[in-house]
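Q: Quick one, input.cif (mmCIF, C-alpha atoms):
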data_start
#
loop_
_atom_site.label_atom_id
_atom_site.label_comp_id
_atom_site.auth_asym_id
_atom_site.auth_seq_id
_atom_site.Cartn_x
_atom_site.Cartn_y
_atom_site.Cartn_z
CA MET A 1 0.00 0.00 0.00
CA ALA A 2 2.72 2.43 0.98
CA TYR A 3 4.67 1.39 -2.11
CA ILE A 4 1.70 1.97 -4.42
CA ALA A 5 1.09 5.42 -2.95
CA MET A 6 4.78 6.26 -3.12
CA ALA A 7 5.11 5.09 -6.73
CA THR A 8 2.02 7.13 -7.65
CA GLY A 9 3.52 10.17 -5.94
CA PHE A 10 6.86 9.85 -7.72
CA LEU A 11 5.06 9.28 -11.01
CA LEU A 12 3.01 12.45 -10.48
CA VAL A 13 6.21 14.40 -9.74
CA LEU A 14 7.72 13.13 -13.00
CA ILE A 15 4.55 13.93 -14.98
CA GLY A 16 4.47 17.39 -13.44
CA PHE A 17 8.11 18.11 -14.26
CA TYR A 18 7.66 16.77 -17.80
CA GLY A 19 4.74 19.15 -18.26
CA ALA A 20 6.64 22.08 -16.79
CA LEU A 21 9.64 21.42 -19.06
CA THR A 22 7.81 20.80 -22.32
CA GLN A 23 4.71 22.99 -22.21
CA ARG A 24 4.97 26.54 -23.50
CA ASN A 25 1.68 27.84 -22.21
CA LEU A 26 2.07 29.48 -18.79
CA LEU A 27 -1.26 28.17 -17.50
CA ARG A 28 -0.33 24.63 -18.45
CA MET A 29 3.01 25.04 -16.70
CA ILE A 30 1.17 26.17 -13.55
CA VAL A 31 -1.08 23.10 -13.72
CA ALA A 32 2.04 20.94 -14.19
CA PHE A 33 3.61 22.45 -11.07
CA THR A 34 0.50 21.75 -8.99
CA ILE A 35 0.57 18.13 -10.19
CA ALA A 36 4.22 17.80 -9.10
CA ASP A 37 3.25 19.45 -5.79
CA SER A 38 0.52 16.86 -5.16
CA GLY A 39 2.98 14.12 -6.03
CA VAL A 40 5.45 15.30 -3.38
CA ASN A 41 2.65 15.46 -0.81
CA ILE A 42 1.57 11.90 -1.59
CA VAL A 43 5.15 10.66 -1.23
CA ILE A 44 5.54 12.34 2.19
CA VAL A 45 2.24 10.93 3.47
CA ALA A 46 3.19 7.47 2.16
CA ILE A 47 6.44 7.58 4.17
CA GLY A 48 4.43 8.05 7.37
CA TYR A 49 2.16 5.09 6.64
CA MET A 50 2.61 1.95 8.69
CA ARG A 51 0.85 -1.31 7.99
CA GLY A 52 -2.07 -2.25 10.23
CA ARG A 53 -2.16 1.02 12.11
CA THR A 54 -4.75 3.77 12.25
CA ALA A 55 -4.94 7.56 12.04
CA PRO A 56 -3.18 9.55 14.79
CA ILE A 57 -6.40 10.53 16.55
CA LEU A 58 -7.21 9.30 20.04
CA ASP A 59 -10.80 8.19 20.60
CA ALA A 60 -12.81 5.30 21.99
CA THR A 61 -10.95 2.73 19.87
CA VAL A 62 -7.43 4.11 20.33
CA SER A 63 -6.72 4.97 23.95
CA ALA A 64 -3.85 7.24 24.94
CA ALA A 65 -2.01 4.35 26.58
CA GLU A 66 -1.83 2.16 23.46
CA ALA A 67 -1.36 5.01 21.01
CA VAL A 68 2.31 4.16 20.44
CA GLN A 69 1.37 0.70 19.15
CA ARG A 70 -1.72 1.73 17.20
CA ILE A 71 -1.15 4.97 15.30
CA ILE A 72 0.86 5.91 12.25
CA ASP A 73 3.52 8.61 12.24
CA PRO A 74 1.78 12.00 12.75
CA VAL A 75 4.79 14.14 11.76
CA PRO A 76 4.57 13.69 7.93
CA GLN A 77 0.87 14.52 8.10
CA ALA A 78 1.57 17.78 9.91
CA LEU A 79 4.25 18.57 7.32
CA VAL A 80 1.91 17.90 4.41
CA LEU A 81 -0.79 20.04 6.01
CA THR A 82 1.68 22.91 5.89
CA ALA A 83 2.83 22.05 2.37
CA ILE A 84 -0.71 21.97 0.93
CA VAL A 85 -1.55 25.41 2.32
CA ILE A 86 1.67 26.95 1.06
CA GLY A 87 1.05 25.23 -2.29
CA VAL A 88 -2.27 27.04 -2.61
CA GLY A 89 -0.58 30.35 -1.88
CA ILE A 90 2.11 29.70 -4.49
CA THR A 91 -0.47 28.68 -7.10
CA ALA A 92 -2.48 31.85 -6.50
CA LEU A 93 0.70 33.92 -6.88
CA MET A 94 1.64 32.18 -10.13
CA LEU A 95 -1.86 32.73 -11.51
CA ALA A 96 -1.79 36.41 -10.56
CA TYR A 97 1.56 36.94 -12.29
CA ALA A 98 0.39 34.99 -15.34
CA TYR A 99 -2.68 37.23 -15.52
CA ARG A 100 -0.59 40.38 -15.39
CA LEU A 101 1.76 39.03 -18.04
CA TYR A 102 -1.15 38.19 -20.31
CA GLU A 103 -2.57 41.64 -19.81
CA ARG A 104 0.64 43.30 -20.88
CA LYS A 105 1.83 40.99 -23.66
CA HIS A 106 -1.46 39.44 -24.77
CA THR A 107 0.15 36.04 -24.88
CA LEU A 108 0.77 33.18 -22.49
CA ASP A 109 3.36 31.55 -24.73
CA ILE A 110 6.73 31.68 -22.97
CA ALA A 111 8.54 31.56 -26.31
CA LYS A 112 7.13 35.01 -27.06
CA LEU A 113 8.11 36.52 -23.72
CA THR A 114 11.61 37.54 -24.68
CA ASP A 115 12.22 40.64 -22.54
CA LEU A 116 15.23 39.17 -20.80
CA GLN A 117 16.97 37.97 -23.96
CA GLY A 118 20.00 40.09 -24.78
CA MET B 1 12.38 18.11 -30.55
CA ILE B 2 15.85 18.34 -29.02
CA LYS B 3 14.29 20.20 -26.12
CA ARG B 4 11.82 17.40 -25.57
CA ALA B 5 14.60 14.80 -25.73
CA VAL B 6 16.66 16.73 -23.17
CA ALA B 7 13.62 16.95 -20.90
CA LEU B 8 13.05 13.22 -21.23
CA VAL B 9 16.68 12.44 -20.39
CA LEU B 10 16.50 14.69 -17.32
CA LEU B 11 13.30 13.02 -16.19
CA LEU B 12 14.80 9.59 -16.78
CA MET B 13 17.66 10.50 -14.47
CA LEU B 14 15.25 11.88 -11.87
CA GLY B 15 13.17 8.73 -12.22
CA GLY B 16 16.33 6.71 -11.62
CA ILE B 17 16.92 8.61 -8.37
CA PHE B 18 13.31 8.04 -7.32
CA ALA B 19 13.54 4.33 -8.18
CA THR B 20 16.68 3.90 -6.05
CA LEU B 21 14.97 5.75 -3.19
CA MET B 22 11.97 3.45 -3.44
CA LEU B 23 13.98 0.26 -3.71
CA GLY B 24 15.98 1.22 -0.64
CA TYR B 25 12.91 2.13 1.37
CA THR B 26 11.67 -0.17 4.10
CA PRO B 27 8.62 0.94 6.05
CA ASP B 28 9.18 1.46 9.76
CA SER B 29 7.59 -1.15 11.97
CA GLU B 30 7.75 1.14 15.01
CA LEU B 31 7.33 4.86 15.49
CA ASN B 32 10.56 6.79 15.42
CA LEU B 33 11.75 8.81 18.40
CA THR B 34 9.95 12.07 17.60
CA ALA B 35 6.67 10.39 16.65
CA ARG B 36 6.86 8.21 19.76
CA TYR B 37 7.24 11.29 21.95
CA TYR B 38 4.19 12.92 20.36
CA ALA B 39 2.14 9.72 20.61
CA GLU B 40 3.00 9.19 24.26
CA ARG B 41 2.83 12.72 25.59
CA THR B 42 0.11 14.54 23.62
CA ALA B 43 -2.85 13.24 25.61
CA ALA B 44 -1.25 13.78 28.99
CA ASP B 45 0.47 17.10 28.28
CA LEU B 46 -1.89 18.94 25.96
CA GLY B 47 -5.19 17.03 26.14
CA ALA B 48 -5.72 17.10 22.37
CA ALA B 49 -7.27 13.98 20.81
CA ASN B 50 -5.95 14.78 17.34
CA ILE B 51 -2.18 14.44 17.52
CA VAL B 52 -1.60 16.16 14.18
CA THR B 53 -3.44 19.22 15.52
CA ALA B 54 -1.36 19.12 18.70
CA ILE B 55 1.82 19.16 16.59
CA VAL B 56 0.63 21.90 14.24
CA VAL B 57 -0.88 24.23 16.85
CA THR B 58 1.23 23.70 19.95
CA TYR B 59 4.42 21.66 19.56
CA ARG B 60 5.31 23.42 16.33
CA GLY B 61 3.07 26.43 16.87
CA LEU B 62 5.75 28.91 15.92
CA ASP B 63 6.11 27.26 12.51
CA THR B 64 2.36 27.52 12.02
CA LEU B 65 2.52 31.21 12.85
CA GLY B 66 5.19 31.48 10.17
CA GLU B 67 3.04 29.51 7.74
CA VAL B 68 0.06 31.79 8.33
CA THR B 69 2.39 34.74 7.74
CA VAL B 70 3.55 33.27 4.42
CA LEU B 71 -0.07 32.81 3.40
CA PHE B 72 -0.83 36.39 4.42
CA LEU B 73 2.13 37.60 2.36
CA SER B 74 1.06 35.70 -0.73
CA ALA B 75 -2.54 36.93 -0.34
CA SER B 76 -1.34 40.52 -0.08
CA ILE B 77 1.00 40.14 -3.05
CA VAL B 78 -1.86 38.70 -5.13
CA GLY B 79 -3.93 41.73 -4.09
CA LEU B 80 -1.05 44.08 -4.89
CA VAL B 81 -0.24 42.55 -8.28
CA LEU B 82 -3.86 42.57 -9.39
CA ALA B 83 -4.90 45.82 -7.73
CA SER B 84 -3.68 48.37 -10.24
CA ASN B 85 -6.04 47.25 -12.97
CA ARG B 86 -9.30 47.75 -11.15
CA ARG B 87 -10.71 49.96 -13.78
CA PRO B 88 -14.40 50.65 -14.12
CA ALA B 89 -14.83 48.16 -16.93
CA LEU B 90 -18.21 47.85 -18.49
CA ARG B 91 -19.75 45.31 -16.21
CA VAL B 92 -22.66 43.66 -17.86
CA ARG B 93 -24.47 41.08 -15.87
CA THR B 94 -24.59 37.77 -17.67
CA PRO B 95 -27.21 35.37 -16.35
CA VAL B 96 -25.61 32.39 -14.65
CA GLY B 97 -28.67 30.21 -14.51
CA GLU B 98 -31.41 29.50 -12.05
CA LEU B 99 -29.80 26.30 -10.82
CA LEU B 100 -26.55 27.95 -9.77
CA THR B 101 -28.23 30.96 -8.15
CA THR B 102 -30.72 28.95 -6.10
CA GLY B 103 -28.15 26.27 -5.36
CA ALA B 104 -25.72 28.85 -4.04
CA ARG B 105 -28.40 30.45 -1.87
CA PHE B 106 -29.18 27.05 -0.39
CA LEU B 107 -25.63 25.71 -0.04
CA VAL B 108 -23.55 28.68 1.09
CA PRO B 109 -24.91 28.81 4.68
CA LEU B 110 -24.41 25.05 5.00
CA ILE B 111 -20.87 25.29 3.64
CA LEU B 112 -20.03 28.07 6.11
CA LEU B 113 -21.50 25.98 8.93
CA LEU B 114 -19.42 22.97 7.87
CA GLY B 115 -16.30 25.14 7.77
CA VAL B 116 -16.93 26.43 11.30
CA TYR B 117 -17.66 22.88 12.50
CA VAL B 118 -14.39 21.63 11.00
CA PHE B 119 -12.19 24.25 12.63
CA VAL B 120 -13.97 24.26 16.00
CA ASN B 121 -13.51 20.47 16.21
CA GLY B 122 -9.94 20.58 14.95
CA HIS B 123 -8.54 19.10 18.18
CA LEU B 124 -10.94 16.13 18.10
CA THR B 125 -11.54 15.09 14.50
CA PRO B 126 -9.58 15.16 11.25
CA GLY B 127 -9.52 18.75 10.13
CA GLY B 128 -8.75 22.06 11.70
CA GLY B 129 -8.17 25.71 10.97
CA PHE B 130 -6.60 25.34 7.55
CA GLN B 131 -9.17 22.86 6.28
CA GLY B 132 -12.08 24.82 7.80
CA GLY B 133 -10.74 28.05 6.34
CA ALA B 134 -10.49 26.44 2.90
CA ILE B 135 -14.11 25.22 3.19
CA ILE B 136 -15.29 28.73 4.11
CA ALA B 137 -13.40 30.12 1.12
CA SER B 138 -15.10 27.52 -1.10
CA GLY B 139 -18.43 29.01 0.04
CA VAL B 140 -17.16 32.41 -1.05
CA LEU B 141 -16.13 30.87 -4.39
CA LEU B 142 -19.66 29.52 -4.87
CA LEU B 143 -21.06 33.01 -4.20
CA LEU B 144 -18.68 34.43 -6.80
CA LEU B 145 -19.69 31.78 -9.34
CA ALA B 146 -23.36 32.51 -8.77
CA ASP B 147 -22.88 36.25 -9.09
CA PRO B 148 -19.58 37.18 -10.75
CA LEU B 149 -20.28 40.88 -10.23
CA ARG B 150 -20.67 40.54 -6.49
CA HIS B 151 -18.29 42.86 -4.75
CA PHE B 152 -16.74 41.61 -1.55
CA SER B 153 -15.69 44.32 0.81
CA HIS B 154 -11.92 44.07 1.09
CA HIS B 155 -12.23 46.20 4.18
CA VAL B 156 -14.31 43.59 6.04
CA ILE B 157 -12.04 40.74 4.89
CA ALA B 158 -8.93 42.64 5.98
CA THR B 159 -10.48 43.47 9.37
CA VAL B 160 -11.41 39.83 10.09
CA GLU B 161 -7.99 38.73 8.97
CA SER B 162 -5.97 41.19 11.02
CA LEU B 163 -8.10 40.76 14.16
CA ALA B 164 -7.69 36.98 13.96
CA GLY B 165 -3.94 37.38 13.48
CA LEU B 166 -3.70 39.86 16.36
CA PHE B 167 -5.56 37.59 18.79
CA TYR B 168 -3.48 34.62 17.63
CA VAL B 169 -0.25 36.39 18.54
CA ALA B 170 -1.83 37.76 21.76
CA ILE B 171 -2.74 34.22 22.90
CA GLY B 172 0.77 33.13 22.03
CA LEU B 173 2.22 35.92 24.18
CA ALA B 174 -0.22 35.12 27.01
CA GLY B 175 1.23 31.60 26.97
CA LEU B 176 4.63 33.15 27.59
CA PHE B 177 3.45 34.67 30.89
CA LEU B 178 0.68 32.33 32.07
CA ALA B 179 1.93 28.94 30.85
CA GLY B 180 5.13 27.27 29.71
CA GLY B 181 6.07 29.36 26.70
CA PHE B 182 5.05 31.05 23.47
CA LEU B 183 1.81 29.51 22.10
CA ASP B 184 1.55 27.08 25.03
CA ASN B 185 -2.08 25.93 25.11
CA ARG B 186 -2.30 25.37 28.86
CA LEU B 187 -3.63 28.83 29.65
CA TRP B 188 -6.52 27.17 31.45
CA PRO B 189 -7.08 23.54 32.56
CA ILE B 190 -6.88 21.15 29.62
CA GLY B 191 -10.09 19.34 30.58
CA THR B 192 -11.18 15.83 29.63
CA LEU B 193 -9.70 14.23 26.52
CA GLY B 194 -12.21 14.11 23.69
CA GLU B 195 -14.58 16.88 24.78
CA LEU B 196 -15.26 20.00 22.76
CA PHE B 197 -14.01 22.31 25.49
CA SER B 198 -10.72 20.58 26.13
CA ALA B 199 -7.09 20.92 25.11
CA GLY B 200 -6.73 24.38 26.63
CA ALA B 201 -6.34 27.13 24.05
CA ILE B 202 -6.07 24.82 21.01
CA PRO B 203 -9.74 25.17 19.86
CA LEU B 204 -9.53 28.94 20.24
CA ILE B 205 -6.21 29.21 18.38
CA TYR B 206 -7.38 26.88 15.61
CA SER B 207 -10.63 28.83 15.22
CA LEU B 208 -8.63 32.03 14.85
CA ILE B 209 -6.40 30.31 12.28
CA GLY B 210 -9.56 29.13 10.50
CA LEU B 211 -10.94 32.66 10.30
CA LYS B 212 -7.60 34.03 9.17
CA VAL B 213 -7.06 31.38 6.49
CA GLY B 214 -10.68 31.71 5.32
CA ALA B 215 -10.29 35.48 5.04
CA GLU B 216 -6.96 35.15 3.19
CA PHE B 217 -8.27 32.62 0.66
CA SER B 218 -11.42 34.74 0.20
CA SER B 219 -9.36 37.85 -0.45
CA MET B 220 -7.30 35.94 -3.06
CA LEU B 221 -10.50 34.74 -4.74
CA ALA B 222 -12.03 38.22 -4.64
CA SER B 223 -8.87 39.78 -6.11
CA LEU B 224 -8.74 37.18 -8.87
CA SER B 225 -12.43 37.57 -9.68
CA GLU B 226 -12.26 41.35 -9.88
CA THR B 227 -9.75 41.09 -12.69
CA GLU B 228 -12.24 39.28 -14.87
CA GLU B 229 -13.28 41.26 -17.90
CA LEU B 230 -16.97 40.70 -18.09
#
So, in terms of structure tokens, how does the structure I just supplied come out?

A:
Amino acid sequence: MAYIAMATGFLLVLIGFYGALTQRNLLRMIVAFTIADSGVNIVIVAIGYMRGRTAPILDATVSAAEAVQRIIDPVPQALVLTAIVIGVGITALMLAYAYRLYERKHTLDIAKLTDLQG
Amino acid sequence: MIKRAVALVLLLMLGGIFATLMLGYTPDSELNLTARYYAERTAADLGAANIVTAIVVTYRGLDTLGEVTVLFLSASIVGLVLASNRRPALRVRTPVGELLTTGARFLVPLILLLGVYVFVNGHLTPGGGFQGGAIIASGVLLLLLADPLRHFSHHVIATVESLAGLFYVAIGLAGLFLAGGFLDNRLWPIGTLGELFSAGAIPLIYSLIGLKVGAEFSSMLASLSETEEL
């Protein structure tokens, strides 16, 4: 299970990077980056998974005393929680910049954005 | 085509690194030292049933404050980047359809309620301030879809956001004087594990985070929607 999730995550990272490297449309590149972002999150969550254990929440079925034997690693989940939120912020920023670029140049094709070429 | 080939070669190398990582990976059969500490001590020390929440809000509370600051920064930069083109464009109302309008009227209060439920129960159930805030912002998104011309007061959003941030830091500082340190949740007795009013200041802090995140996401959505040329 952990291996399937991890392989999926790595595959998504590769797909995302492939898209970011080969696409020329800015919006498609942004989508590619969010796919890679999700892939990294899946990999981190998969690392915290442990077979036969349950979510790190104490309730009637998982008492505080037996938590060490029953729960999966909570640290990767806390990390991914942070990563997802920051990912949303980054995506919004990228979209805002892409919008401004489109407004000025009337194109989203990076091959036509040549301001920095000498 | 050369570009595509170079990209493929790069990805093949990256895939090779990933494959080696995966082949060398063996899942832990026991919790590591850090995780073990959190699993053993959370219930006794902080009284939070959701250990992830305990880590995010209290053990690593300072990092969460930083995270909320990063989110605030990106929301303000989105506002700044998109602000200068708020021109009085000809705004013609295009009908969005009866289904969407009525659906939004029916669903938005329920979505807001769900968002509040998720962040108030962040210390007991999966979820918390960030998730609840995102749900609230999705309600705002539905409102914007139903009426693209709707104008959200940036003033109100900014007030909610800054008050939530202010109280968040104030509670953190109160922890410095009344409890063990910055953002310590034991300002008052931690109560019984699993009850709504337990875990000290965690529900309060997470609710403030929920409001702040909801306001930040909403301001991003409002800024993005105001750019639309209708």

Q: Could you tell me, as a PyMOL selection string, exactly which residues end up selected when the PyMOL selection byres ((chain B and resi 62-73) around 9) is applied to this structure?

A: (chain A and resi 82+85-86+88-90) or (chain B and resi 56-61+74-78+161+165+168-169+172+182-183+209+212-213+216-217)

Q: Would you save the residues of that selection, restricted to C-alpha atoms, as a PDB file, in the coordinates of the input?

A:
ATOM      1  CA  THR A  82       1.680  22.910   5.890  1.00  0.00           C
ATOM      2  CA  VAL A  85      -1.550  25.410   2.320  1.00  0.00           C
ATOM      3  CA  ILE A  86       1.670  26.950   1.060  1.00  0.00           C
ATOM      4  CA  VAL A  88      -2.270  27.040  -2.610  1.00  0.00           C
ATOM      5  CA  GLY A  89      -0.580  30.350  -1.880  1.00  0.00           C
ATOM      6  CA  ILE A  90       2.110  29.700  -4.490  1.00  0.00           C
TER       7      ILE A  90
ATOM      8  CA  VAL B  56       0.630  21.900  14.240  1.00  0.00           C
ATOM      9  CA  VAL B  57      -0.880  24.230  16.850  1.00  0.00           C
ATOM     10  CA  THR B  58       1.230  23.700  19.950  1.00  0.00           C
ATOM     11  CA  TYR B  59       4.420  21.660  19.560  1.00  0.00           C
ATOM     12  CA  ARG B  60       5.310  23.420  16.330  1.00  0.00           C
ATOM     13  CA  GLY B  61       3.070  26.430  16.870  1.00  0.00           C
ATOM     14  CA  SER B  74       1.060  35.700  -0.730  1.00  0.00           C
ATOM     15  CA  ALA B  75      -2.540  36.930  -0.340  1.00  0.00           C
ATOM     16  CA  SER B  76      -1.340  40.520  -0.080  1.00  0.00           C
ATOM     17  CA  ILE B  77       1.000  40.140  -3.050  1.00  0.00           C
ATOM     18  CA  VAL B  78      -1.860  38.700  -5.130  1.00  0.00           C
ATOM     19  CA  GLU B 161      -7.990  38.730   8.970  1.00  0.00           C
ATOM     20  CA  GLY B 165      -3.940  37.380  13.480  1.00  0.00           C
ATOM     21  CA  TYR B 168      -3.480  34.620  17.630  1.00  0.00           C
ATOM     22  CA  VAL B 169      -0.250  36.390  18.540  1.00  0.00           C
ATOM     23  CA  GLY B 172       0.770  33.130  22.030  1.00  0.00           C
ATOM     24  CA  PHE B 182       5.050  31.050  23.470  1.00  0.00           C
ATOM     25  CA  LEU B 183       1.810  29.510  22.100  1.00  0.00           C
ATOM     26  CA  ILE B 209      -6.400  30.310  12.280  1.00  0.00           C
ATOM     27  CA  LYS B 212      -7.600  34.030   9.170  1.00  0.00           C
ATOM     28  CA  VAL B 213      -7.060  31.380   6.490  1.00  0.00           C
ATOM     29  CA  GLU B 216      -6.960  35.150   3.190  1.00  0.00           C
ATOM     30  CA  PHE B 217      -8.270  32.620   0.660  1.00  0.00           C
TER      31      PHE B 217
END

Q: If the PyMOL selection byres ((chain A and resi 107-117) around 7) were run on this exact file, what residues would it hold? Put them as a PyMOL selection string.

A: chain A and resi 24-26+102+105-106+118

Q: Considering only C-alpha atoms, can you say which of B:Ala164, B:Gly47, B:Ala158, B:Ile135 comes closest to Gly194 in chain B?

A: B:Gly47

Q: Within 6 Å of chain B, which residues of chain A are there when counting only C-alpha atoms? Please give them as a short mmCIF file (atom, residue, chain, number, x, y, z; two decimals) with C-alpha atoms, in the frame of the given file.

A:
data_model
loop_
_atom_site.label_atom_id
_atom_site.label_comp_id
_atom_site.auth_asym_id
_atom_site.auth_seq_id
_atom_site.Cartn_x
_atom_site.Cartn_y
_atom_site.Cartn_z
CA PRO A 56 -3.18 9.55 14.79
CA ILE A 57 -6.40 10.53 16.55
CA LEU A 58 -7.21 9.30 20.04
CA ALA A 67 -1.36 5.01 21.01
CA VAL A 68 2.31 4.16 20.44
CA ASP A 73 3.52 8.61 12.24
CA PRO A 74 1.78 12.00 12.75
CA ALA A 78 1.57 17.78 9.91
CA GLY A 89 -0.58 30.35 -1.88
CA LEU A 93 0.70 33.92 -6.88
CA ALA A 96 -1.79 36.41 -10.56
#

Q: For Glu98 in chain B, which residue among B:Leu21, B:Ala146, B:Leu141, B:Leu178 is the nearest when counting only C-alpha atoms?

A: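 Among the listed residues, B:Ala146 lies closest to Glu98 in chain B.
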
Q: Identify, on the basis of all atoms listed in the file, every residue whose closest approach to Gly210 in chain B does not exceed 6 Å; exclude the query and any residue fewer than 6 positions from it along the same chain; express the result as a compact mmCIF listing (two decimals) with C-alpha atoms, in the frame of the given file.

A:
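See around-v2.txt below for the written result:
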# COMPACT_ATOMS: atom_id res chain seq x y z
CA PHE B 119 -12.19 24.25 12.63
CA GLY B 129 -8.17 25.71 10.97
CA PHE B 130 -6.60 25.34 7.55
CA GLY B 132 -12.08 24.82 7.80
CA GLY B 133 -10.74 28.05 6.34

Q: With a distance cut-off of 7 Å and all atoms listed in the file, select the neighbouring residues of Gly200 in chain B, excluding the residue or stretch itself and same-chain residues fewer than 3 positions from it, and output the selection as a ChimeraX atom specification.

A: /B:185-190

Q: Can you list, as a count of residues only, every protein, DNA or RNA residue that comes within 9 Å of Leu27 in chain A when you count only C-alpha atoms, leaving out same-chain residues fewer than 3 positions away?

A: 8

Q: Between CA of Asp147 in chain B and CA of Ser218 in chain B, what distance in Å does the model show, to one decimal?

A: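 Separation between CA of Asp147 in chain B and CA of Ser218 in chain B: 14.8 Å.
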
Q: How many Å lie between CA of Glu226 in chain B and CA of Gly115 in chain B, rounded to one decimal?

A: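 CA of Glu226 in chain B sits 24.3 Å away from CA of Gly115 in chain B.
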
Q: Contacts of Leu145 in chain B at 9 Å or less, counting all atoms listed in the file, minus same-chain residues fewer than 6 places along, as a PyMOL selection string?

A: chain B and resi 96+100-101+104

Q: What is the distance between CA of Gly103 in chain B and CA of His151 in chain B, in Å to one decimal?

A: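 Taking CA of Gly103 in chain B as the start and CA of His151 in chain B as the end point, the length is 19.3 Å.
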
Q: Can you list, as a PyMOL selection string, the residues that the PyMOL selection byres ((chain A and resi 47) around 10) selects here?

A: (chain A and resi 2-3+5-6+42-46+48-50+72-73+76-77) or (chain B and resi 25-28)

Q: Taking all atoms listed in the file into account, which of B:Leu176, B:Ala199, B:Val116, B:Leu149 comes nearest Gly214 in chain B?

A: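 Counting all atoms listed in the file, the residue closest to Gly214 in chain B is B:Val116.
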